[in-house]
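What follows is the content of structure37.pdb (PDB, C-alpha atoms).
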```pdb
ATOM      1  CA  MET A1158       0.000   0.000   0.000
ATOM      2  CA  ALA A1159       1.418   3.386  -0.969
ATOM      3  CA  ILE A1160       1.058   6.407  -3.237
ATOM      4  CA  ARG A1161      -0.145   4.639  -6.373
ATOM      5  CA  TRP A1162      -1.635   7.406  -8.492
ATOM      6  CA  ILE A1163      -0.865  11.096  -8.984
ATOM      7  CA  ILE A1164      -2.999  13.613 -10.869
ATOM      8  CA  ASN A1165      -1.056  16.805 -11.482
ATOM      9  CA  GLY A1166      -1.848  20.019 -13.313
ATOM     10  CA  TYR A1167      -1.508  23.778 -13.113
ATOM     11  CA  PHE A1168      -4.261  25.554 -11.156
ATOM     12  CA  ARG A1169      -7.717  25.635 -12.796
ATOM     13  CA  SER A1170      -6.860  22.852 -15.251
ATOM     14  CA  GLY A1171      -9.458  20.275 -14.183
ATOM     15  CA  THR A1172      -7.554  18.340 -11.520
ATOM     16  CA  THR A1173     -10.218  18.962  -8.863
ATOM     17  CA  PHE A1174     -12.882  17.598 -11.220
ATOM     18  CA  LEU A1175     -10.851  14.404 -11.694
ATOM     19  CA  TRP A1176     -10.191  14.145  -7.958
ATOM     20  CA  ASP A1177     -13.942  14.311  -7.349
ATOM     21  CA  ARG A1178     -14.614  11.544  -9.903
ATOM     22  CA  PHE A1179     -11.963   9.307  -8.349
ATOM     23  CA  HIS A1180     -13.257  10.062  -4.864
ATOM     24  CA  ARG A1181     -16.742   8.955  -5.861
ATOM     25  CA  ALA A1182     -15.541   5.877  -7.746
ATOM     26  CA  THR A1183     -13.280   4.449  -5.029
ATOM     27  CA  LYS A1184     -16.080   4.384  -2.413
ATOM     28  CA  GLY A1185     -13.607   4.759   0.449
ATOM     29  CA  ASP A1186     -11.215   1.994  -0.640
ATOM     30  CA  VAL A1187      -8.564   4.550  -1.614
ATOM     31  CA  LEU A1188      -7.331   7.638   0.210
ATOM     32  CA  CYS A1189      -7.974  10.422  -2.322
ATOM     33  CA  LEU A1190      -5.837  13.236  -0.967
ATOM     34  CA  TYR A1191      -6.510  16.699  -2.295
ATOM     35  CA  GLU A1192      -3.537  19.061  -2.647
ATOM     36  CA  PRO A1193      -1.169  17.801   0.075
ATOM     37  CA  LEU A1194       1.047  20.852  -0.559
ATOM     38  CA  HIS A1195      -1.737  23.408  -0.113
ATOM     39  CA  PRO A1196      -0.569  26.092   2.352
ATOM     40  CA  ASP A1197      -3.900  25.956   4.240
ATOM     41  CA  LEU A1198      -3.807  22.193   4.839
ATOM     42  CA  HIS A1199      -1.805  22.547   8.051
ATOM     43  CA  VAL A1200      -4.637  24.676   9.531
ATOM     44  CA  PHE A1201      -7.122  21.905   8.730
ATOM     45  CA  LEU A1202      -4.841  19.325  10.358
ATOM     46  CA  GLU A1203      -4.171  21.478  13.434
ATOM     47  CA  ASN A1204      -7.928  21.795  14.019
ATOM     48  CA  ASP A1205      -8.729  18.111  13.387
ATOM     49  CA  GLY A1206     -10.914  18.951  10.411
ATOM     50  CA  GLN A1207     -12.919  21.742  12.055
ATOM     51  CA  ASP A1208     -11.377  24.386   9.798
ATOM     52  CA  LYS A1209     -13.505  24.924   6.658
ATOM     53  CA  SER A1210     -10.832  26.466   4.444
ATOM     54  CA  GLY A1211     -10.986  23.491   2.088
ATOM     55  CA  ARG A1212     -14.547  24.438   1.102
ATOM     56  CA  ARG A1213     -13.831  28.033   0.119
ATOM     57  CA  LEU A1214     -13.335  27.538  -3.585
ATOM     58  CA  HIS A1215     -15.109  24.381  -4.726
ATOM     59  CA  HIS A1216     -17.693  23.914  -1.939
ATOM     60  CA  LEU A1217     -16.666  20.283  -1.502
ATOM     61  CA  ASP A1218     -15.213  18.450   1.494
ATOM     62  CA  LEU A1219     -11.857  18.470  -0.213
ATOM     63  CA  TRP A1220      -9.736  17.359   2.732
ATOM     64  CA  SER A1221     -12.065  14.860   4.404
ATOM     65  CA  ASP A1222      -9.865  11.855   3.539
ATOM     66  CA  TYR A1223      -7.017  13.276   5.635
ATOM     67  CA  LEU A1224      -9.168  12.521   8.694
ATOM     68  CA  ARG A1225      -8.983   8.825   7.759
ATOM     69  CA  ILE A1226      -5.212   8.889   8.273
ATOM     70  CA  PRO A1227      -4.177   7.679  11.768
ATOM     71  CA  PRO A1228      -3.663  10.596  14.206
ATOM     72  CA  GLY A1229       0.036   9.867  14.635
ATOM     73  CA  LYS A1230       0.636  10.074  10.895
ATOM     74  CA  ARG A1231      -1.442  13.272  10.697
ATOM     75  CA  GLN A1232       0.820  14.802  13.317
ATOM     76  CA  GLN A1233       3.840  13.843  11.223
ATOM     77  CA  LEU A1234       2.249  15.498   8.186
ATOM     78  CA  LEU A1235       1.597  18.613  10.223
ATOM     79  CA  LYS A1236       5.180  18.723  11.448
ATOM     80  CA  CYS A1237       6.740  18.116   8.021
ATOM     81  CA  HIS A1238       4.423  20.186   5.817
ATOM     82  CA  PRO A1239       6.904  21.970   3.479
ATOM     83  CA  ASN A1240       4.675  24.775   2.168
ATOM     84  CA  ARG A1241       3.059  26.520   5.125
ATOM     85  CA  SER A1242       4.219  29.907   3.859
ATOM     86  CA  GLY A1243       2.811  29.284   0.383
ATOM     87  CA  ASN A1244       6.039  30.336  -1.335
ATOM     88  CA  CYS A1245       6.501  26.921  -3.025
ATOM     89  CA  ASN A1246      10.213  27.093  -2.259
ATOM     90  CA  TRP A1247      10.733  23.733  -0.577
ATOM     91  CA  SER A1248      13.822  21.586  -1.017
ATOM     92  CA  TRP A1249      13.604  18.110  -2.493
ATOM     93  CA  ARG A1250      14.604  16.631   0.885
ATOM     94  CA  GLU A1251      11.700  18.420   2.612
ATOM     95  CA  LEU A1252       9.252  17.249  -0.026
ATOM     96  CA  ALA A1253      10.571  13.680   0.007
ATOM     97  CA  ASP A1254      10.291  13.433   3.816
ATOM     98  CA  TYR A1255       6.694  14.670   3.607
ATOM     99  CA  LEU A1256       5.667  12.300   0.829
ATOM    100  CA  GLU A1257       7.346   9.359   2.561
ATOM    101  CA  ILE A1258       4.743   9.703   5.339
ATOM    102  CA  LEU A1259       1.927   9.268   2.813
ATOM    103  CA  HIS A1260       3.864   6.529   1.044
ATOM    104  CA  SER A1261       4.026   4.533   4.281
ATOM    105  CA  LEU A1262       0.254   4.458   4.902
ATOM    106  CA  ASP A1263      -1.549   1.118   4.952
ATOM    107  CA  LYS A1264      -4.035   2.129   2.240
ATOM    108  CA  ASP A1265      -3.681   2.858  -1.456
ATOM    109  CA  VAL A1266      -3.245   6.598  -1.965
ATOM    110  CA  LEU A1267      -4.216   8.871  -4.842
ATOM    111  CA  ILE A1268      -2.818  12.402  -4.801
ATOM    112  CA  GLN A1269      -4.338  15.349  -6.618
ATOM    113  CA  ALA A1270      -1.620  17.992  -6.843
ATOM    114  CA  ASN A1271      -1.236  21.441  -8.381
ATOM    115  CA  ARG A1272       2.317  21.996  -7.175
ATOM    116  CA  LEU A1273       4.512  19.068  -8.254
ATOM    117  CA  HIS A1274       5.434  20.360 -11.720
ATOM    118  CA  TYR A1275       9.164  20.736 -11.099
ATOM    119  CA  ASP A1276       9.469  17.714  -8.801
ATOM    120  CA  LEU A1277       7.508  15.116 -10.746
ATOM    121  CA  ILE A1278      10.453  13.105 -12.023
ATOM    122  CA  ASN A1279      11.830  12.679  -8.485
ATOM    123  CA  VAL A1280       8.376  11.938  -7.066
ATOM    124  CA  ILE A1281       7.779   9.215  -9.649
ATOM    125  CA  GLU A1282      11.152   7.631  -8.880
ATOM    126  CA  LEU A1283      10.425   7.823  -5.139
ATOM    127  CA  THR A1284       6.926   6.339  -5.242
ATOM    128  CA  GLY A1285       6.640   4.379  -8.488
ATOM    129  CA  ALA A1286       3.211   5.967  -8.905
ATOM    130  CA  ARG A1287       1.354   6.140 -12.195
ATOM    131  CA  VAL A1288       1.016   9.785 -13.160
ATOM    132  CA  VAL A1289      -1.364  11.850 -15.261
ATOM    133  CA  HIS A1290      -0.575  15.487 -15.985
ATOM    134  CA  LEU A1291      -3.505  17.584 -17.143
ATOM    135  CA  VAL A1292      -2.985  20.637 -19.350
ATOM    136  CA  ARG A1293      -5.620  23.180 -20.373
ATOM    137  CA  ASN A1294      -5.859  26.080 -22.816
ATOM    138  CA  PRO A1295      -3.767  28.775 -21.070
ATOM    139  CA  VAL A1296      -6.061  31.692 -21.865
ATOM    140  CA  ASP A1297      -9.008  29.784 -20.390
ATOM    141  CA  VAL A1298      -6.848  29.019 -17.334
ATOM    142  CA  PHE A1299      -5.958  32.695 -17.009
ATOM    143  CA  HIS A1300      -9.601  33.758 -17.125
ATOM    144  CA  SER A1301     -10.583  31.011 -14.695
ATOM    145  CA  ILE A1302      -7.908  32.161 -12.229
ATOM    146  CA  ARG A1303      -8.964  35.769 -12.556
ATOM    147  CA  ASN A1304     -12.647  34.880 -12.088
ATOM    148  CA  ALA A1305     -11.944  32.632  -9.092
ATOM    149  CA  TYR A1306      -9.727  35.220  -7.459
ATOM    150  CA  PHE A1307     -12.060  38.163  -8.006
ATOM    151  CA  THR A1308     -15.516  37.386  -9.434
ATOM    152  CA  ASN A1309     -16.272  34.257  -7.396
ATOM    153  CA  ALA A1310     -14.778  35.537  -4.163
ATOM    154  CA  GLY A1311     -18.046  37.095  -3.010
ATOM    155  CA  GLN A1312     -19.100  40.720  -3.145
ATOM    156  CA  PHE A1313     -17.100  42.027  -0.180
ATOM    157  CA  ARG A1314     -13.974  39.889  -0.649
ATOM    158  CA  GLY A1315     -14.020  40.477  -4.401
ATOM    159  CA  PHE A1316     -14.183  44.242  -3.836
ATOM    160  CA  ALA A1317     -11.364  44.079  -1.274
ATOM    161  CA  ARG A1318      -9.214  42.022  -3.614
ATOM    162  CA  ARG A1319      -9.733  44.505  -6.442
ATOM    163  CA  LEU A1320      -8.555  47.302  -4.178
ATOM    164  CA  ALA A1321      -5.482  45.263  -3.219
ATOM    165  CA  TYR A1322      -4.781  44.055  -6.761
ATOM    166  CA  PRO A1323      -1.952  46.517  -7.534
ATOM    167  CA  PHE A1324      -0.112  45.065  -4.531
ATOM    168  CA  ARG A1325      -1.196  41.397  -4.458
ATOM    169  CA  GLY A1326      -2.731  40.588  -7.835
ATOM    170  CA  ASN A1327       0.342  38.723  -9.041
ATOM    171  CA  HIS A1328       0.047  36.398  -6.040
ATOM    172  CA  ALA A1329      -3.307  35.001  -7.202
ATOM    173  CA  PHE A1330      -2.939  31.207  -7.059
ATOM    174  CA  GLU A1331       0.756  31.721  -6.230
ATOM    175  CA  THR A1332       1.385  32.953  -9.780
ATOM    176  CA  VAL A1333       4.369  35.085  -8.844
ATOM    177  CA  HIS A1334       5.979  32.164  -6.981
ATOM    178  CA  TRP A1335       5.639  29.876  -9.993
ATOM    179  CA  MET A1336       7.045  32.612 -12.193
ATOM    180  CA  ASN A1337      10.096  32.654  -9.911
ATOM    181  CA  ARG A1338      10.399  28.861 -10.151
ATOM    182  CA  ALA A1339      10.303  29.179 -13.944
ATOM    183  CA  ILE A1340      13.104  31.751 -13.833
ATOM    184  CA  ASN A1341      15.285  29.250 -11.928
ATOM    185  CA  VAL A1342      14.791  26.633 -14.654
ATOM    186  CA  PHE A1343      14.780  28.907 -17.717
ATOM    187  CA  PRO A1344      17.463  31.555 -17.113
ATOM    188  CA  GLN A1345      16.584  33.493 -20.280
ATOM    189  CA  ILE A1346      13.410  34.694 -18.546
ATOM    190  CA  SER A1347      15.354  36.595 -15.914
ATOM    191  CA  THR A1348      16.850  39.144 -18.312
ATOM    192  CA  ALA A1349      13.552  39.657 -20.113
ATOM    193  CA  LEU A1350      11.526  40.140 -16.946
ATOM    194  CA  LYS A1351      13.695  42.979 -15.649
ATOM    195  CA  ASN A1352      11.560  45.273 -17.803
ATOM    196  CA  ARG A1353       8.371  43.223 -17.918
ATOM    197  CA  PRO A1354       4.959  44.886 -17.996
ATOM    198  CA  LYS A1355       3.029  44.949 -14.718
ATOM    199  CA  GLY A1356      -0.034  42.810 -14.119
ATOM    200  CA  LEU A1357      -1.221  39.244 -13.650
ATOM    201  CA  LEU A1358      -0.807  38.052 -17.251
ATOM    202  CA  PRO A1359       2.933  38.895 -17.517
ATOM    203  CA  CYS A1360       3.502  36.760 -14.394
ATOM    204  CA  PHE A1361       1.117  34.046 -15.530
ATOM    205  CA  VAL A1362       2.667  33.375 -18.948
ATOM    206  CA  PRO A1363       6.137  32.223 -17.745
ATOM    207  CA  ALA A1364       4.550  30.565 -14.688
ATOM    208  CA  TRP A1365       2.158  28.480 -16.816
ATOM    209  CA  ILE A1366       4.608  27.620 -19.590
ATOM    210  CA  GLY A1367       7.457  26.745 -17.211
ATOM    211  CA  ALA A1368       5.287  24.544 -14.986
ATOM    212  CA  ASN A1369       3.603  22.641 -17.815
ATOM    213  CA  HIS A1370       6.741  22.180 -19.900
ATOM    214  CA  SER A1371       8.703  20.807 -16.941
ATOM    215  CA  ALA A1372       5.852  18.505 -15.889
ATOM    216  CA  ILE A1373       5.320  17.175 -19.420
ATOM    217  CA  GLN A1374       9.029  16.406 -19.872
ATOM    218  CA  SER A1375       9.114  14.555 -16.544
ATOM    219  CA  VAL A1376       5.926  12.594 -17.211
ATOM    220  CA  TYR A1377       7.018  11.473 -20.665
ATOM    221  CA  SER A1378      10.468  10.463 -19.450
ATOM    222  CA  GLN A1379       8.799   8.170 -16.908
ATOM    223  CA  ARG A1380       6.137   6.780 -19.264
ATOM    224  CA  GLY A1381       3.389   8.775 -17.673
ATOM    225  CA  MET A1382       0.359  10.209 -19.447
ATOM    226  CA  VAL A1383      -0.443  13.769 -20.481
ATOM    227  CA  CYS A1384      -4.105  14.615 -21.058
ATOM    228  CA  VAL A1385      -5.693  17.783 -22.383
ATOM    229  CA  TYR A1386      -8.652  19.191 -20.466
ATOM    230  CA  GLU A1387     -10.590  19.857 -23.660
ATOM    231  CA  GLU A1388     -10.587  16.100 -24.402
ATOM    232  CA  LEU A1389     -12.799  15.709 -21.365
ATOM    233  CA  LEU A1390     -15.363  18.066 -22.892
ATOM    234  CA  LEU A1391     -15.206  16.663 -26.417
ATOM    235  CA  ASN A1392     -15.228  12.937 -25.632
ATOM    236  CA  PRO A1393     -15.661  12.168 -21.918
ATOM    237  CA  VAL A1394     -16.177   8.426 -22.444
ATOM    238  CA  LYS A1395     -12.889   7.950 -24.317
ATOM    239  CA  PHE A1396     -11.164  10.272 -21.836
ATOM    240  CA  ALA A1397     -12.299   8.046 -18.941
ATOM    241  CA  GLU A1398     -11.264   4.866 -20.771
ATOM    242  CA  ASP A1399      -7.779   6.249 -21.501
ATOM    243  CA  LEU A1400      -7.356   7.230 -17.863
ATOM    244  CA  GLN A1401      -8.451   3.853 -16.542
ATOM    245  CA  ARG A1402      -6.195   1.988 -18.981
ATOM    246  CA  HIS A1403      -3.137   4.049 -18.084
ATOM    247  CA  LEU A1404      -3.705   4.148 -14.333
ATOM    248  CA  GLY A1405      -4.622   0.467 -14.148
ATOM    249  CA  THR A1406      -7.449   1.048 -11.685
ATOM    250  CA  LEU A1407      -9.876  -1.703 -10.715
ATOM    251  CA  PHE A1408     -12.626   0.799  -9.986
ATOM    252  CA  PRO A1409     -14.641   2.315 -12.864
ATOM    253  CA  ILE A1410     -13.980   5.939 -13.742
ATOM    254  CA  THR A1411     -16.974   7.750 -15.219
ATOM    255  CA  MET A1412     -17.430  11.294 -16.458
ATOM    256  CA  GLU A1413     -21.178  11.528 -16.057
ATOM    257  CA  GLY A1414     -22.658  14.975 -16.363
ATOM    258  CA  VAL A1415     -19.910  16.273 -18.679
ATOM    259  CA  SER A1416     -21.059  18.067 -21.809
ATOM    260  CA  ARG A1417     -19.778  16.462 -25.015
ATOM    261  CA  THR A1418     -19.376  19.809 -26.743
ATOM    262  CA  SER A1419     -16.935  22.483 -25.700
ATOM    263  CA  GLU A1420     -17.745  26.158 -25.766
ATOM    264  CA  LYS A1421     -15.512  27.922 -28.280
ATOM    265  CA  ARG A1422     -14.109  31.124 -26.830
ATOM    266  CA  LYS A1423     -11.410  32.999 -28.692
ATOM    267  CA  TYR A1424     -10.247  35.806 -26.404
ATOM    268  CA  SER A1425      -8.347  37.129 -29.434
ATOM    269  CA  GLU A1426      -6.784  40.097 -27.605
ATOM    270  CA  ASP A1427      -5.601  37.915 -24.723
ATOM    271  CA  TRP A1428      -4.119  35.391 -27.165
ATOM    272  CA  ARG A1429      -2.236  38.223 -28.851
ATOM    273  CA  ARG A1430      -0.873  39.400 -25.500
ATOM    274  CA  PHE A1431      -0.047  35.806 -24.515
ATOM    275  CA  HIS A1432       2.084  35.270 -27.647
ATOM    276  CA  THR A1433       3.750  38.655 -27.251
ATOM    277  CA  LEU A1434       4.735  37.810 -23.682
ATOM    278  CA  LEU A1435       6.000  34.300 -24.415
ATOM    279  CA  GLU A1436       8.236  35.762 -27.145
ATOM    280  CA  PHE A1437       9.302  38.499 -24.731
ATOM    281  CA  CYS A1438      10.346  35.777 -22.251
ATOM    282  CA  GLY A1439      12.089  33.657 -24.876
ATOM    283  CA  LEU A1440       9.807  30.654 -24.283
ATOM    284  CA  GLU A1441       8.839  29.897 -27.900
ATOM    285  CA  TYR A1442      10.529  26.460 -27.824
ATOM    286  CA  GLU A1443       8.775  25.420 -24.596
ATOM    287  CA  TRP A1444       5.427  26.636 -25.912
ATOM    288  CA  SER A1445       5.962  24.688 -29.146
ATOM    289  CA  ALA A1446       6.676  21.512 -27.164
ATOM    290  CA  ILE A1447       3.430  21.930 -25.213
ATOM    291  CA  LYS A1448       1.471  22.556 -28.421
ATOM    292  CA  ASP A1449       2.932  19.360 -29.943
ATOM    293  CA  VAL A1450       1.428  17.383 -27.058
ATOM    294  CA  VAL A1451      -1.938  19.065 -27.518
ATOM    295  CA  GLU A1452      -1.976  18.361 -31.242
ATOM    296  CA  ALA A1453      -0.957  14.747 -30.641
ATOM    297  CA  ARG A1454      -4.052  14.422 -28.460
ATOM    298  CA  LYS A1455      -6.089  15.775 -31.414
ATOM    299  CA  VAL A1456      -7.188  18.927 -29.623
ATOM    300  CA  GLU A1457      -7.234  22.459 -31.036
ATOM    301  CA  TRP A1458      -6.720  25.578 -28.957
TER     302      TRP A1458
END
```
Could I get this file's structure written as structure tokens?
Amino acid sequence: MAIRWIINGYFRSGTTFLWDRFHRATKGDVLCLYEPLHPDLHVFLENDGQDKSGRRLHHLDLWSDYLRIPPGKRQQLLKCHPNRSGNCNWSWRELADYLEILHSLDKDVLIQANRLHYDLINVIELTGARVVHLVRNPVDVFHSIRNAYFTNAGQFRGFARRLAYPFRGNHAFETVHWMNRAINVFPQISTALKNRPKGLLPCFVPAWIGANHSAIQSVYSQRGMVCVYEELLLNPVKFAEDLQRHLGTLFPITMEGVSRTSEKRKYSEDWRRFHTLLEFCGLEYEWSAIKDVVEARKVEW
């Protein structure tokens, strides 16, 4: 018994939807652990599940399966949590010690993660887990992040966030932290970003491209699977079959309630800005590699 499956993807790319489908399908036989690196998880663990922070965004009991972990192991998780500050700047040793606790549990474990992009190759070698990385149209992701951070935050919180945006907007879904991680891996970004335009999108572009490119390279090198979110909308039955075949699960994965047709949205001005910024950052090669994966999955963005 150990970490057997990992679903990874950048924020707002459909990983929570898949986690929910797995959670329903396993009927309690598997620990389906939502975002073990979430900076608010330690609050939930400290309060033995009384904290409701996990319900803020998706209105689901996202962290309920952590309460099925023995108390002693939960205390170890609390002590070793490597991302309490939310800066995503853990060392591999810190992350490995944390994951080893989950890997030693006496139940099969599935992890839904939005923060393993740059560590996936080491995590796969550590756990032997079967991995799926989910990638979604970046302009749709950008709009989803912006809507979740502002529009869906509620009237008062949304208003307060808009007022604070000039100071904290780049931190929405840790975007600025993932931009910094991308700079560490792709040094050419550093020079370009000295004079970058202000705003969320200029942070988001290198953050999204760096995270997805690194994750895709790691997954492919370890014979993992990359899926495109739009496949789920266009052909949910085939999407579920591909997942089940790759992950080797004994429980059925269904995508009931998913529309078979995707809504075409162009966002032409945002696409223009996106391409301008990726060229500005010198990430044309990485973007091309991501697009090759998308085209191989027979999806158009």
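Nearest to A:Gln1374 of all the residues A:His1403, A:His1238, A:Phe1361, A:Asp1276 is A:Asp1276, based on only C-alpha atoms.
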Can you build me a table of stretch 1241-1307 of chain A residues sitting at most 9 Å from stretch 1422-1446 of chain A, with the closest atom pair per residue and its distance in Å to one decimal, using all atoms listed in the file, sorted by chain and residue number, as a Markdown table?
```
| residue | atom | partner | partner_atom | distance |
| --- | --- | --- | --- | --- |
| A:Pro1295 | CA | A:Phe1431 | CA | 8.7 |
| A:Val1296 | CA | A:Trp1428 | CA | 6.7 |
| A:Asp1297 | CA | A:Arg1422 | CA | 8.3 |
```
When you count all atoms listed in the file, which of these residues is closest to A:Lys1455: A:Ser1170, A:Asn1392, A:Asn1337, A:Asn1165?
A:Asn1392
For this structure, which residues satisfy the selection - the PyMOL selection byres ((chain A and resi 1369) around 10) - when it is evaluated on the file as given? I want them as a ChimeraX atom specification.
/A:1165-1167,1274-1275,1290-1293,1363-1368,1370-1375,1443-1444,1446-1447
Residues returned when the PyMOL selection byres ((chain A and resi 1404) around 9) runs on this file, as a VMD selection string
chain A and resid 1161 to 1162 1286 to 1289 1382 1399 to 1403 1405 to 1406
Between atom CA of A:Glu1388 and atom CA of A:Thr1173, what is the distance, to one decimal in Å?
15.8 Å
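Using all atoms listed in the file for every distance, the candidate list A:Leu1273, A:Leu1407, A:Ile1281, A:Ile1340 yields A:Leu1273 as the residue closest to A:Cys1245.
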Expansion of the PyMOL selection byres ((chain A and resi 1226) around 12) into residues, as a ChimeraX atom specification:
/A:1187-1190,1202,1205-1206,1220-1225,1227-1234,1258-1266
Output as JSON the centre and edge lengths (Å, one decimal) of the box along x, y and z of the file that holds every listed atom of stretch 1158-1176 of chain A after adding 4 Å on each side.
```
{"center_x": -5.7, "center_y": 12.8, "center_z": -7.6, "size_x": 22.3, "size_y": 33.6, "size_z": 23.3}
```
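Nearest to A:Leu1391 of all the residues A:Arg1454, A:Glu1203, A:Ala1270, A:Tyr1191 is A:Arg1454, counting only C-alpha atoms.
For A:Asn1246, the set of protein, DNA and RNA residues having any atom at most 10 Å away, when counting only C-alpha atoms and skipping those fewer than 3 positions along the same chain, is Pro1239, Asn1240, Ser1242, Gly1243, Trp1249, His1334, Trp1335, Asn1337 and Arg1338 of chain A.
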Output file for the selection above: C-alpha atoms, as a short mmCIF file (atom, residue, chain, number, x, y, z; two decimals), in the coordinates of the input:
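See again02.cif below for the written result:
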```cif
data_model
loop_
_atom_site.label_atom_id
_atom_site.label_comp_id
_atom_site.auth_asym_id
_atom_site.auth_seq_id
_atom_site.Cartn_x
_atom_site.Cartn_y
_atom_site.Cartn_z
CA PRO A 1239 6.90 21.97 3.48
CA ASN A 1240 4.68 24.78 2.17
CA SER A 1242 4.22 29.91 3.86
CA GLY A 1243 2.81 29.28 0.38
CA TRP A 1249 13.60 18.11 -2.49
CA HIS A 1334 5.98 32.16 -6.98
CA TRP A 1335 5.64 29.88 -9.99
CA ASN A 1337 10.10 32.65 -9.91
CA ARG A 1338 10.40 28.86 -10.15
#
```
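Nearest residue to A:Lys1355, choosing from A:Tyr1255, A:Gln1207, A:Val1333, A:Ala1339 and counting all atoms listed in the file: A:Val1333.
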Using only C-alpha atoms, which residue out of A:Leu1175, A:Glu1282, A:Gly1414, A:Leu1194 lies closest to A:Glu1251?
A:Leu1194
What is the distance, in Å and to one decimal place, between atom CA of A:Val1385 and atom CA of A:Arg1272?
17.7 Å
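Straight-line separation from atom CA of A:Ala1253 to atom CA of A:Val1450: 28.8 Å.
All residues of protein, DNA or RNA that reach within 6 Å of A:Cys1360, judged by only C-alpha atoms and not counting those fewer than 2 positions away in the chain, are A:Val1333, A:Met1336, A:Leu1357, A:Leu1358, A:Val1362.
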Since the input lacks some atoms of stretch 1371-1385 of chain A, please model N, CA and C atoms and print them as a PDB file, keeping the file's coordinate frame.
```pdb
ATOM      1  N   SER A1371       7.912  21.658 -17.832  1.00  0.00           N
ATOM      2  CA  SER A1371       8.703  20.807 -16.941  1.00  0.00           C
ATOM      3  C   SER A1371       7.942  19.536 -16.567  1.00  0.00           C
ATOM      4  N   ALA A1372       6.650  19.674 -16.259  1.00  0.00           N
ATOM      5  CA  ALA A1372       5.852  18.505 -15.889  1.00  0.00           C
ATOM      6  C   ALA A1372       5.729  17.526 -17.050  1.00  0.00           C
ATOM      7  N   ILE A1373       5.484  18.046 -18.251  1.00  0.00           N
ATOM      8  CA  ILE A1373       5.320  17.175 -19.420  1.00  0.00           C
ATOM      9  C   ILE A1373       6.604  16.407 -19.703  1.00  0.00           C
ATOM     10  N   GLN A1374       7.749  17.087 -19.636  1.00  0.00           N
ATOM     11  CA  GLN A1374       9.029  16.406 -19.872  1.00  0.00           C
ATOM     12  C   GLN A1374       9.251  15.298 -18.849  1.00  0.00           C
ATOM     13  N   SER A1375       8.931  15.558 -17.598  1.00  0.00           N
ATOM     14  CA  SER A1375       9.114  14.555 -16.544  1.00  0.00           C
ATOM     15  C   SER A1375       8.178  13.371 -16.742  1.00  0.00           C
ATOM     16  N   VAL A1376       6.926  13.663 -17.048  1.00  0.00           N
ATOM     17  CA  VAL A1376       5.926  12.594 -17.211  1.00  0.00           C
ATOM     18  C   VAL A1376       6.295  11.695 -18.385  1.00  0.00           C
ATOM     19  N   TYR A1377       6.665  12.287 -19.498  1.00  0.00           N
ATOM     20  CA  TYR A1377       7.018  11.473 -20.665  1.00  0.00           C
ATOM     21  C   TYR A1377       8.276  10.650 -20.425  1.00  0.00           C
ATOM     22  N   SER A1378       9.238  11.210 -19.698  1.00  0.00           N
ATOM     23  CA  SER A1378      10.468  10.463 -19.450  1.00  0.00           C
ATOM     24  C   SER A1378      10.228   9.255 -18.559  1.00  0.00           C
ATOM     25  N   GLN A1379       9.129   9.275 -17.814  1.00  0.00           N
ATOM     26  CA  GLN A1379       8.799   8.170 -16.908  1.00  0.00           C
ATOM     27  C   GLN A1379       7.574   7.375 -17.382  1.00  0.00           C
ATOM     28  N   ARG A1380       7.247   7.513 -18.653  1.00  0.00           N
ATOM     29  CA  ARG A1380       6.137   6.780 -19.264  1.00  0.00           C
ATOM     30  C   ARG A1380       4.796   7.092 -18.605  1.00  0.00           C
ATOM     31  N   GLY A1381       4.671   8.334 -18.194  1.00  0.00           N
ATOM     32  CA  GLY A1381       3.389   8.775 -17.673  1.00  0.00           C
ATOM     33  C   GLY A1381       2.468   9.194 -18.805  1.00  0.00           C
ATOM     34  N   MET A1382       1.372   9.834 -18.457  1.00  0.00           N
ATOM     35  CA  MET A1382       0.359  10.209 -19.447  1.00  0.00           C
ATOM     36  C   MET A1382       0.055  11.694 -19.313  1.00  0.00           C
ATOM     37  N   VAL A1383      -0.011  12.380 -20.454  1.00  0.00           N
ATOM     38  CA  VAL A1383      -0.443  13.769 -20.481  1.00  0.00           C
ATOM     39  C   VAL A1383      -1.805  13.819 -21.154  1.00  0.00           C
ATOM     40  N   CYS A1384      -2.761  14.440 -20.500  1.00  0.00           N
ATOM     41  CA  CYS A1384      -4.105  14.615 -21.058  1.00  0.00           C
ATOM     42  C   CYS A1384      -4.375  16.103 -21.241  1.00  0.00           C
ATOM     43  N   VAL A1385      -5.292  16.409 -22.133  1.00  0.00           N
ATOM     44  CA  VAL A1385      -5.693  17.783 -22.383  1.00  0.00           C
ATOM     45  C   VAL A1385      -7.121  17.940 -21.886  1.00  0.00           C
TER      46      VAL A1385
END
```
